[in-house]
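Each remark here refers to the structure printed beneath this line.
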Amino acid sequence: MGKLDGRFAAITGASRGMGRRFAEALVSEGATVALFARPSDKLDEAAAILGDRALPVACDVSDPESVRAAFATVERVFGGLDILVNNAGVSLISKIDEVSDEDVQSEVGINLMGPIYMCRSALPLLRRSGRADIINISSEAVKLPWPSQSIYAATKAGLEAFTTGLRAEVRRDLIRVTTLRSGYVSGGELARHWSEEKTAEFFRVAAETGHARLAGTTGISPHSMAEALVAILTLPRDVDVDLIELRPTAP
């Protein structure tokens, strides 16, 4: 028997990268998982690989109507929800005086407004669970913002503040709300939009501005991130974890 048998989960950004690894880990422990992501072949592929306990749900987390429609599907198919993992995120490299309107809206919409919309629509289902968890994925950029990533850091700081306030609102509903703050993850998907030139410049400047430890690390393995998520979700119900921070042990 799995540690999460009989539980229903929703994970954003679940068609690829860390979101997909989270989904794989939860399914392997017996959970049934709604894979929230924008429509794509990757979403269909992930659902096909994970099998009967995976439900592909097309959703743009930055669009409140799309989020409402997605949760209507979850309620119709699952009948309830026990776990919400707000994982979807985008990280763009740009100096603040060079960033486009579209990139600002994308980062704020996906990284901050997305989790807010998700939690708002999920709460009616989570309140019925009696053993619910919300996990919001944050970043160590909150503590030490990287050069050319001030907007990304701001969205994650906002997410952590939102998480703290939400925790106080729903504690009596038997909903645990946890921030999982991550260091650099090896093979992470956040940087998939970066050009080789921008990536090289990013790490060069990072090493020159006090971010040498981060620039030199090989990162946390996706497997370790997924193990940490399962560990949080399987803690005894009399334990409420506000924040867990994961950092790479060594280069």
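Letters A, B, ... go to the chains of the structure tokens in the order shown; residues in each chain start at 1; ligands are counted from 1 in the same order.
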Next item on the list: List the neighbours of Phe71 (chain A) out to 10 Å using only C-alpha atoms; skip same-chain residues closer than 5 positions along the sequence, and give me the result as an NGL selection string.
Entry: :A and (10 or 34 or 36 or 57 or 59 or 66 or 76-78 or 80-81 or 118 or 121-122 or 125)
Checklist line | Atom pair CA of Asp44 (chain A) / CA of Glu65 (chain A): separation (Å) | finding: 21.7 Å
Item checked: Picked from region 12-246 of chain A by DSSP as strand (DSSP E), as a ChimeraX atom specification -> /A:12,32-37,54-58,83-86,132-139,175-182,243-246
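Counting only C-alpha atoms and comparing A:Ala228, A:Leu180, A:Val241, A:Leu92, the residue that lies closest to Arg167 (chain A) is A:Val241.
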